[in-house]
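Right, one structure below, let's go through it.
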Amino acid sequence: MSLITIKNDRMTVVISTKGAEMQSIKDANGIERLWQGDPAFWAGRAPILFPVAGGMKDDGYTLDGVAYTMPKHGLVRKEEWQLESAAEDTATFAISLSKEGSFPFRYTLRATYTLAGDSIKIENTVTNEDDRELVYSIGSHEAYATPEGIESYYVESDTEECWASHTLIGNLITHETNVISENTRVFPLKYEYFAVDALVFTDLKTRALTLRSPLHDRAIRVEYPDCDVLMLWTKPGAGYICIEPWRNGPDYVDAPADIRKKPGFVAVPAGETSVTTHTLTLL
């Protein structure tokens with residue numbers, strides 16, 4: 001495992017070759033914006049979830065009549081990636097991990113981090129190097145530091161929303177939703193929301209959230225134009241909140257086994273490429 005540092009005059013970002021996972025985001029004042037992975041709560045910081053985000057019904061799926069197993073959050077977040085290229089303000093990591101019985105395709109997944117001013121652009125590019133169609137999904141899982149506790153923070157959307165979260169049963173969700181708040185852009189964070197697990201939003205109109213606190217003027221904006229599912233998650237009492245844009249959501253309790261029938265999965269023809277982008281901006 002190696003640590004790669006990219007920086008500009010506004011921020012410094014450290015990325016590990018293990019999982020191509022960000023380890024640190026420090027602003028121009030040297031203040032850490034990323035959760036530092038205290039194992040007493042959660043040792044992760046910003047894993048990449050591929051080729052599925054969340055859990056699948058019966059821990060697997062079928063494709064073209066063949067059954068495959070798939071662990072929660074996919075296959076690559078704990079694996080060693082190759083550093084493909086690096087410059088002062090950008091770095092690209094790559095992995096080509098295929099597993100018979102789970103994801104038996106020839107492909108390359110690249111994660112490119114590029115700094116521009118106060119922003120980090122993160123591009124996850126899947127190149128299908130197989131001679132058949134590849135089907136995948138992807139999600140991000142950045143945990144932002146909330147050292148005062150999440151109840152001193154709120155998230156703000158660009159549009160007024162009905163904040164209705166699906167009910168989680170294990171790794172799966174029901175079709176019913178619980179309306180927490182509606183007709184508002186501001187969603188105050190409370191630990192009680194995470195007593196069971198995450199909040200799962202599949203119907204938000206916005207494709208950007210900003211994490212703010214009335215205690216200081218530091219904020220983080222997360223823009224995710226390619227993702228339809230938004231997860232919020234923490235452990236009660238922990239000093240972080242994860243803002244997680246996913247292409248797919250957790251499987252429904254009655255989800256079909258066929259991966260092509262699951263919402264949010266992307267079909268990539270042989271020889272073609274698919275890109276998912278999100279941007280983090282320090283305000």
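Chain labels run A, B, ... following the order of the structure tokens; each chain numbers its residues from 1, and ligands are numbered from 1 in the order shown.
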Polymer residues at most 9 Å from Tyr191 of chain A, only C-alpha atoms, same-chain spacing of 3 or more positions, as a ChimeraX atom specification: /A:149-151,194-195,234-238
Give the strand (DSSP E) residues of segment 41-253 of chain A, as DSSP finds them on the backbone, and put them as a ChimeraX atom specification. /A:48-49,60-63,66-69,82-87,90-95,107-116,119-128,134-136,139-140,143-145,154-169,172-188,199-201,208-212,220-223,229-233,240-246
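Here atom CA of Tyr252 of chain A and atom CA of Arg207 of chain A stand 22.4 Å from one another.
Distance annotation: of A:Trp163, A:Trp233, A:Tyr113, A:Phe265, the residue with the minimal separation from Tyr136 of chain A is A:Phe265; atom set is only C-alpha atoms.
The residue that comes closest to Gly101 of chain A, out of A:Ile173, A:Ile120, A:Val66, A:Ala270 and on the basis of only C-alpha atoms, is A:Val66.
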Can you tell me which residues surround Ala86 of chain A at a distance of at most 10 Å, considering only C-alpha atoms, apart from same-chain residues fewer than 3 positions away, and format the answer as number ranges by chain? A: 4-6, 83, 89-93, 112-114
Only N, CA, C and O atoms, please: the residues just picked out, written as a PDB file, in the first residue's frame.
ATOM      1  N   ILE A   4      -0.558   8.516  -1.928  1.00  0.00           N
ATOM      2  CA  ILE A   4      -0.268   9.480  -2.976  1.00  0.00           C
ATOM      3  C   ILE A   4      -0.895  10.815  -2.581  1.00  0.00           C
ATOM      4  O   ILE A   4      -2.075  10.870  -2.220  1.00  0.00           O
ATOM      5  N   THR A   5      -0.104  11.881  -2.647  1.00  0.00           N
ATOM      6  CA  THR A   5      -0.578  13.205  -2.281  1.00  0.00           C
ATOM      7  C   THR A   5      -0.713  14.078  -3.517  1.00  0.00           C
ATOM      8  O   THR A   5       0.222  14.160  -4.333  1.00  0.00           O
ATOM      9  N   ILE A   6      -1.861  14.700  -3.673  1.00  0.00           N
ATOM     10  CA  ILE A   6      -2.055  15.713  -4.707  1.00  0.00           C
ATOM     11  C   ILE A   6      -2.467  17.009  -4.005  1.00  0.00           C
ATOM     12  O   ILE A   6      -3.091  16.972  -2.938  1.00  0.00           O
ATOM     13  N   LEU A  83      -1.293   2.563  -9.245  1.00  0.00           N
ATOM     14  CA  LEU A  83      -1.205   3.983  -9.583  1.00  0.00           C
ATOM     15  C   LEU A  83      -0.846   4.068 -11.054  1.00  0.00           C
ATOM     16  O   LEU A  83       0.254   3.705 -11.468  1.00  0.00           O
ATOM     17  N   ASP A  89      -1.551  17.884  -9.171  1.00  0.00           N
ATOM     18  CA  ASP A  89      -2.928  18.089  -8.757  1.00  0.00           C
ATOM     19  C   ASP A  89      -3.897  17.037  -9.282  1.00  0.00           C
ATOM     20  O   ASP A  89      -5.119  17.235  -9.262  1.00  0.00           O
ATOM     21  N   THR A  90      -3.393  15.902  -9.755  1.00  0.00           N
ATOM     22  CA  THR A  90      -4.279  14.844 -10.247  1.00  0.00           C
ATOM     23  C   THR A  90      -3.600  13.487 -10.128  1.00  0.00           C
ATOM     24  O   THR A  90      -2.361  13.402 -10.175  1.00  0.00           O
ATOM     25  N   ALA A  91      -4.405  12.439  -9.961  1.00  0.00           N
ATOM     26  CA  ALA A  91      -3.880  11.074  -9.903  1.00  0.00           C
ATOM     27  C   ALA A  91      -4.954  10.117 -10.394  1.00  0.00           C
ATOM     28  O   ALA A  91      -6.150  10.321 -10.138  1.00  0.00           O
ATOM     29  N   THR A  92      -4.518   9.070 -11.093  1.00  0.00           N
ATOM     30  CA  THR A  92      -5.428   8.040 -11.601  1.00  0.00           C
ATOM     31  C   THR A  92      -4.976   6.675 -11.095  1.00  0.00           C
ATOM     32  O   THR A  92      -3.799   6.315 -11.213  1.00  0.00           O
ATOM     33  N   PHE A  93      -5.937   5.930 -10.563  1.00  0.00           N
ATOM     34  CA  PHE A  93      -5.706   4.576 -10.056  1.00  0.00           C
ATOM     35  C   PHE A  93      -6.535   3.609 -10.875  1.00  0.00           C
ATOM     36  O   PHE A  93      -7.622   3.962 -11.363  1.00  0.00           O
ATOM     37  N   THR A 112     -10.103   8.627 -11.023  1.00  0.00           N
ATOM     38  CA  THR A 112      -9.261   9.801 -11.252  1.00  0.00           C
ATOM     39  C   THR A 112      -9.704  10.930 -10.338  1.00  0.00           C
ATOM     40  O   THR A 112     -10.887  11.298 -10.323  1.00  0.00           O
ATOM     41  N   TYR A 113      -8.756  11.455  -9.579  1.00  0.00           N
ATOM     42  CA  TYR A 113      -8.988  12.583  -8.679  1.00  0.00           C
ATOM     43  C   TYR A 113      -8.277  13.804  -9.259  1.00  0.00           C
ATOM     44  O   TYR A 113      -7.064  13.758  -9.496  1.00  0.00           O
ATOM     45  N   THR A 114      -9.019  14.885  -9.474  1.00  0.00           N
ATOM     46  CA  THR A 114      -8.448  16.096 -10.055  1.00  0.00           C
ATOM     47  C   THR A 114      -8.871  17.300  -9.231  1.00  0.00           C
ATOM     48  O   THR A 114     -10.063  17.495  -8.967  1.00  0.00           O
TER      49      THR A 114
END
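Compared by their closest atoms to Ser85 of chain A, and using only C-alpha atoms, the residues A:Ala111, A:Val13, A:Val186, A:Leu230 rank with A:Ala111 nearest.
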How many Å separate atom CA of Thr281 of chain A from atom CA of Ala116 of chain A? 9.3 Å
Quick one: everything within 12 Å of Val126 of chain A, counting only C-alpha atoms, minus sequence neighbours fewer than 3 positions away in the same chain. Send it as a ChimeraX atom specification. /A:50-51,93-97,105-112,123,129-130,134-138,266-277
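All residues of segment 100-261 of chain A that DSSP, run on the backbone, classes as helix (DSSP H, G or I) are A:Ile150, A:Glu151, A:Ser152, A:Tyr191, A:Glu192, A:Tyr193, A:Phe194, A:Ile259, A:Arg260, A:Lys261.
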Which residues come within 7 Å of Gln23 of chain A, counting only C-alpha atoms, excluding same-chain residues fewer than 6 positions away, as an MDAnalysis selection string? chainID A and resid 14:16 45
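Proximity to Thr17 of chain A was assessed for A:Thr159, A:Thr125, A:Thr69, A:Gln82 counting only C-alpha atoms; the smallest distance is recorded for A:Gln82.
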Which residues come within 9 Å of Ile220 of chain A, counting only C-alpha atoms, excluding same-chain residues fewer than 2 positions away, as a compact mmCIF listing (two decimals) with all heavy atoms, in the first residue's frame?
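Ended up saving to selection-v4.txt:
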# COMPACT_ATOMS: atom_id res chain seq x y z
N ARG A 33 -11.00 17.79 6.62
CA ARG A 33 -12.42 17.73 6.30
C ARG A 33 -12.95 16.30 6.19
O ARG A 33 -14.17 16.10 6.12
CB ARG A 33 -12.69 18.46 4.98
CG ARG A 33 -12.27 19.93 4.98
CD ARG A 33 -13.05 20.77 5.98
NE ARG A 33 -12.91 22.18 5.68
CZ ARG A 33 -13.76 22.89 4.95
NH1 ARG A 33 -14.83 22.32 4.46
NH2 ARG A 33 -13.54 24.16 4.72
N TYR A 144 -17.53 12.67 5.96
CA TYR A 144 -17.04 14.02 6.24
C TYR A 144 -16.97 14.24 7.75
O TYR A 144 -17.86 13.84 8.51
CB TYR A 144 -17.95 15.04 5.57
CG TYR A 144 -18.00 14.83 4.08
CD1 TYR A 144 -19.11 14.23 3.49
CD2 TYR A 144 -16.93 15.17 3.27
CE1 TYR A 144 -19.15 14.00 2.12
CE2 TYR A 144 -16.96 14.94 1.91
CZ TYR A 144 -18.07 14.35 1.34
OH TYR A 144 -18.09 14.11 -0.01
N LEU A 209 -25.91 18.27 -2.53
CA LEU A 209 -26.17 18.57 -1.13
C LEU A 209 -24.98 19.34 -0.57
O LEU A 209 -23.84 19.10 -0.97
CB LEU A 209 -26.35 17.29 -0.30
CG LEU A 209 -27.63 16.49 -0.42
CD1 LEU A 209 -27.61 15.35 0.60
CD2 LEU A 209 -28.86 17.35 -0.22
N THR A 210 -25.26 20.24 0.38
CA THR A 210 -24.20 20.97 1.06
C THR A 210 -24.29 20.69 2.55
O THR A 210 -25.37 20.84 3.14
CB THR A 210 -24.30 22.48 0.79
OG1 THR A 210 -24.25 22.70 -0.63
CG2 THR A 210 -23.14 23.22 1.45
N LEU A 211 -23.17 20.28 3.14
CA LEU A 211 -23.09 20.03 4.57
C LEU A 211 -22.64 21.31 5.26
O LEU A 211 -21.58 21.85 4.95
CB LEU A 211 -22.09 18.90 4.84
CG LEU A 211 -21.82 18.54 6.30
CD1 LEU A 211 -23.07 17.96 6.95
CD2 LEU A 211 -20.65 17.56 6.41
N ARG A 212 -23.45 21.80 6.23
CA ARG A 212 -23.16 23.05 6.90
C ARG A 212 -23.35 22.91 8.41
O ARG A 212 -23.98 21.96 8.88
CB ARG A 212 -24.10 24.17 6.40
CG ARG A 212 -24.01 24.47 4.91
CD ARG A 212 -24.89 25.65 4.56
NE ARG A 212 -24.92 25.92 3.13
CZ ARG A 212 -24.03 26.65 2.47
NH1 ARG A 212 -23.01 27.18 3.13
NH2 ARG A 212 -24.15 26.86 1.17
N ARG A 218 -17.32 26.68 7.74
CA ARG A 218 -16.83 25.63 6.86
C ARG A 218 -18.00 24.80 6.33
O ARG A 218 -18.88 24.42 7.10
CB ARG A 218 -15.85 24.71 7.58
CG ARG A 218 -14.60 25.41 8.08
CD ARG A 218 -13.61 24.42 8.64
NE ARG A 218 -14.16 23.60 9.72
CZ ARG A 218 -14.21 23.96 11.00
NH1 ARG A 218 -13.79 25.16 11.37
NH2 ARG A 218 -14.71 23.15 11.91
N VAL A 222 -21.51 18.60 -2.26
CA VAL A 222 -21.35 17.35 -2.99
C VAL A 222 -22.32 17.38 -4.17
O VAL A 222 -23.53 17.40 -4.00
CB VAL A 222 -21.66 16.13 -2.09
CG1 VAL A 222 -21.42 14.83 -2.85
CG2 VAL A 222 -20.82 16.18 -0.82
N LEU A 280 -16.63 17.27 -5.13
CA LEU A 280 -16.66 17.76 -3.77
C LEU A 280 -16.03 19.14 -3.75
O LEU A 280 -14.92 19.32 -4.26
CB LEU A 280 -15.87 16.83 -2.84
CG LEU A 280 -16.04 15.31 -3.06
CD1 LEU A 280 -15.14 14.55 -2.09
CD2 LEU A 280 -17.48 14.92 -2.93
N THR A 281 -16.71 20.10 -3.16
CA THR A 281 -16.20 21.47 -3.10
C THR A 281 -16.17 21.96 -1.66
O THR A 281 -17.18 21.88 -0.96
CB THR A 281 -17.05 22.42 -3.95
OG1 THR A 281 -17.07 21.95 -5.30
CG2 THR A 281 -16.48 23.83 -3.93
N LEU A 282 -15.01 22.45 -1.23
CA LEU A 282 -14.86 23.01 0.11
C LEU A 282 -15.29 24.48 0.07
O LEU A 282 -14.74 25.26 -0.70
CB LEU A 282 -13.41 22.91 0.58
CG LEU A 282 -12.77 21.51 0.53
CD1 LEU A 282 -11.37 21.56 1.15
CD2 LEU A 282 -13.63 20.47 1.22
N LEU A 283 -16.25 24.83 0.89
CA LEU A 283 -16.78 26.19 0.90
C LEU A 283 -16.33 26.92 2.16
O LEU A 283 -15.93 26.31 3.15
CB LEU A 283 -18.30 26.16 0.84
CG LEU A 283 -18.91 25.43 -0.37
CD1 LEU A 283 -20.41 25.36 -0.24
CD2 LEU A 283 -18.51 26.11 -1.66
Taking only C-alpha atoms into account, which of A:Ala219, A:Ala143, A:Ile243, A:Ala40 comes nearest Met231 of chain A? A:Ile243
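Between atom CA of Ala87 of chain A and atom CA of Asn29 of chain A the separation is 22.4 Å.
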List the spatial neighbours of Asp58 of chain A as a short mmCIF file (atom, residue, chain, number, x, y, z; two decimals) with C-alpha atoms, in the first residue's frame - criterion: any atom at most 10 Å away, only C-alpha atoms, same-chain residues fewer than 3 positions off excluded.
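Once written, selection_23.cif looks like this:
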data_model
loop_
_atom_site.label_atom_id
_atom_site.label_comp_id
_atom_site.auth_asym_id
_atom_site.auth_seq_id
_atom_site.Cartn_x
_atom_site.Cartn_y
_atom_site.Cartn_z
CA GLY A 55 -26.52 -5.31 -0.60
CA TYR A 61 -27.79 -11.94 -8.83
CA THR A 69 -22.61 -14.25 -5.67
CA MET A 70 -21.86 -10.67 -4.67
CA PRO A 71 -20.91 -9.35 -1.21
CA ASN A 171 -29.21 -5.01 3.70
CA LEU A 172 -32.53 -4.65 1.83
CA ASP A 251 -32.12 -4.27 -3.35
CA VAL A 253 -36.99 -7.17 -0.34
CA ALA A 255 -36.11 -7.62 -5.95
CA ALA A 257 -32.59 -11.84 -9.29
#
Find, counting only C-alpha atoms, the residue in A:Pro250, A:Ile122, A:Glu160, A:Arg260 that gets nearest to Pro225 of chain A. A:Ile122
